[in-house]
Amino acid sequence: QVHVVESGGGLVQAGGSLRLSCAASGSIFSMDDMGWYRQAPGKEREFVAIITSGGTTNYADSVKGRFTISRDNAKNTVYLQMNRLKPEDTAVYYCRARTSLLYWGQGTQVTVSS
């Protein structure tokens with residue numbers, strides 16, 4: 001079993017920054033890609049960013065140039081540095097970890113006030 005735990009959410013003013021962390025632990029033989037998704041009230045969960053075990057990254061167009069994903073393979077941890085936050089970035093942010101299966105965290109709330 002693999003446990004995925006996010007942290008770092010909170011309330012920030014527009015234009016501010018937050019850094020999310022996600023740690024995966026448990027029976028991990030090999031961690032593949034790790035990524036971030038988000039879900040705003042009344043909307044479906046959407047892709048934000050992903051990073052492969054080799055460090056290749058991909059971002060949603062809405063966050064390109066503002067968000068940066070990184071990871072520490074030794075710790076099975078992924079980070080999301082979020083800069084120049086906008087009110088439309090308000091959502092619950094979920095971490096997804098892929099081994100031979102997909103695992104999701106419980107989510108962390110990010111609220112950006114205008």
# chains A, B, ... in the order shown; residues from 1 in each chain; ligands from 1
>>> residues_around(residues="stretch 81-95 of chain A", least_positions_apart="6", cutoff="8 Å", atoms="only C-alpha atoms", output="PyMOL selection string")
chain A and resi 4-6+13-20+22+34-41+66-69+104-114
>>> select_by_dssp(residues="chain A", states="helix (DSSP H, G or I)", output="list in words")
Asn73, Ala74, Lys75, Pro87, Glu88 and Asp89 of chain A
>>> write_last_selection(atoms="all heavy atoms", output="PDB file, in the first residue's frame")
ATOM      1  N   ASN A  73      13.602  12.391  -5.849  1.00  0.00           N
ATOM      2  CA  ASN A  73      13.372  10.964  -6.050  1.00  0.00           C
ATOM      3  C   ASN A  73      13.747  10.146  -4.819  1.00  0.00           C
ATOM      4  O   ASN A  73      13.111   9.134  -4.520  1.00  0.00           O
ATOM      5  CB  ASN A  73      14.154  10.466  -7.262  1.00  0.00           C
ATOM      6  CG  ASN A  73      13.566  10.959  -8.570  1.00  0.00           C
ATOM      7  OD1 ASN A  73      12.376  11.276  -8.644  1.00  0.00           O
ATOM      8  ND2 ASN A  73      14.382  11.046  -9.599  1.00  0.00           N
ATOM      9  N   ALA A  74      14.782  10.563  -4.114  1.00  0.00           N
ATOM     10  CA  ALA A  74      15.222   9.819  -2.938  1.00  0.00           C
ATOM     11  C   ALA A  74      14.144   9.818  -1.854  1.00  0.00           C
ATOM     12  O   ALA A  74      14.067   8.882  -1.055  1.00  0.00           O
ATOM     13  CB  ALA A  74      16.512  10.402  -2.399  1.00  0.00           C
ATOM     14  N   LYS A  75      13.329  10.868  -1.826  1.00  0.00           N
ATOM     15  CA  LYS A  75      12.283  11.001  -0.807  1.00  0.00           C
ATOM     16  C   LYS A  75      10.897  10.708  -1.344  1.00  0.00           C
ATOM     17  O   LYS A  75       9.913  10.827  -0.600  1.00  0.00           O
ATOM     18  CB  LYS A  75      12.316  12.408  -0.222  1.00  0.00           C
ATOM     19  CG  LYS A  75      13.609  12.763   0.505  1.00  0.00           C
ATOM     20  CD  LYS A  75      13.555  14.172   1.055  1.00  0.00           C
ATOM     21  CE  LYS A  75      14.833  14.540   1.796  1.00  0.00           C
ATOM     22  NZ  LYS A  75      14.788  15.932   2.321  1.00  0.00           N
ATOM     23  N   PRO A  87      -7.021  34.553  -8.349  1.00  0.00           N
ATOM     24  CA  PRO A  87      -8.227  34.001  -7.693  1.00  0.00           C
ATOM     25  C   PRO A  87      -8.732  32.723  -8.371  1.00  0.00           C
ATOM     26  O   PRO A  87      -9.233  31.830  -7.682  1.00  0.00           O
ATOM     27  CB  PRO A  87      -9.235  35.143  -7.822  1.00  0.00           C
ATOM     28  CG  PRO A  87      -8.387  36.372  -7.825  1.00  0.00           C
ATOM     29  CD  PRO A  87      -7.149  35.989  -8.600  1.00  0.00           C
ATOM     30  N   GLU A  88      -8.563  32.617  -9.676  1.00  0.00           N
ATOM     31  CA  GLU A  88      -9.020  31.417 -10.384  1.00  0.00           C
ATOM     32  C   GLU A  88      -8.167  30.183 -10.096  1.00  0.00           C
ATOM     33  O   GLU A  88      -8.495  29.083 -10.535  1.00  0.00           O
ATOM     34  CB  GLU A  88      -9.097  31.666 -11.894  1.00  0.00           C
ATOM     35  CG  GLU A  88      -7.848  32.261 -12.502  1.00  0.00           C
ATOM     36  CD  GLU A  88      -7.932  33.774 -12.655  1.00  0.00           C
ATOM     37  OE1 GLU A  88      -8.395  34.450 -11.701  1.00  0.00           O
ATOM     38  OE2 GLU A  88      -7.517  34.267 -13.725  1.00  0.00           O
ATOM     39  N   ASP A  89      -7.066  30.354  -9.375  1.00  0.00           N
ATOM     40  CA  ASP A  89      -6.278  29.204  -8.941  1.00  0.00           C
ATOM     41  C   ASP A  89      -6.853  28.567  -7.677  1.00  0.00           C
ATOM     42  O   ASP A  89      -6.380  27.514  -7.240  1.00  0.00           O
ATOM     43  CB  ASP A  89      -4.827  29.617  -8.658  1.00  0.00           C
ATOM     44  CG  ASP A  89      -4.089  30.061  -9.903  1.00  0.00           C
ATOM     45  OD1 ASP A  89      -4.243  29.412 -10.958  1.00  0.00           O
ATOM     46  OD2 ASP A  89      -3.348  31.062  -9.821  1.00  0.00           O
TER      47      ASP A  89
END
>>> atom_distance(atom1="atom CA of A:Ile28", atom2="atom CA of A:Phe47")
23.5 Å
>>> select_by_dssp(residues="chain A", states="strand (DSSP E)", output="VMD selection string")
chain A and resid 2 to 7 10 to 13 18 to 26 34 to 39 46 to 51 57 to 59 67 to 72 77 to 82 91 to 98 102 to 104 108 to 113
>>> residues_around(residues="A:Thr56", least_positions_apart="5", cutoff="10 Å", atoms="only C-alpha atoms", output="PyMOL selection string")
chain A and resi 33+50-51+69-70
>>> closest_residue(among="A:Ser62, A:Tyr103, A:Gly55, A:His3", to="A:Ser25", atoms="only C-alpha atoms")
A:His3
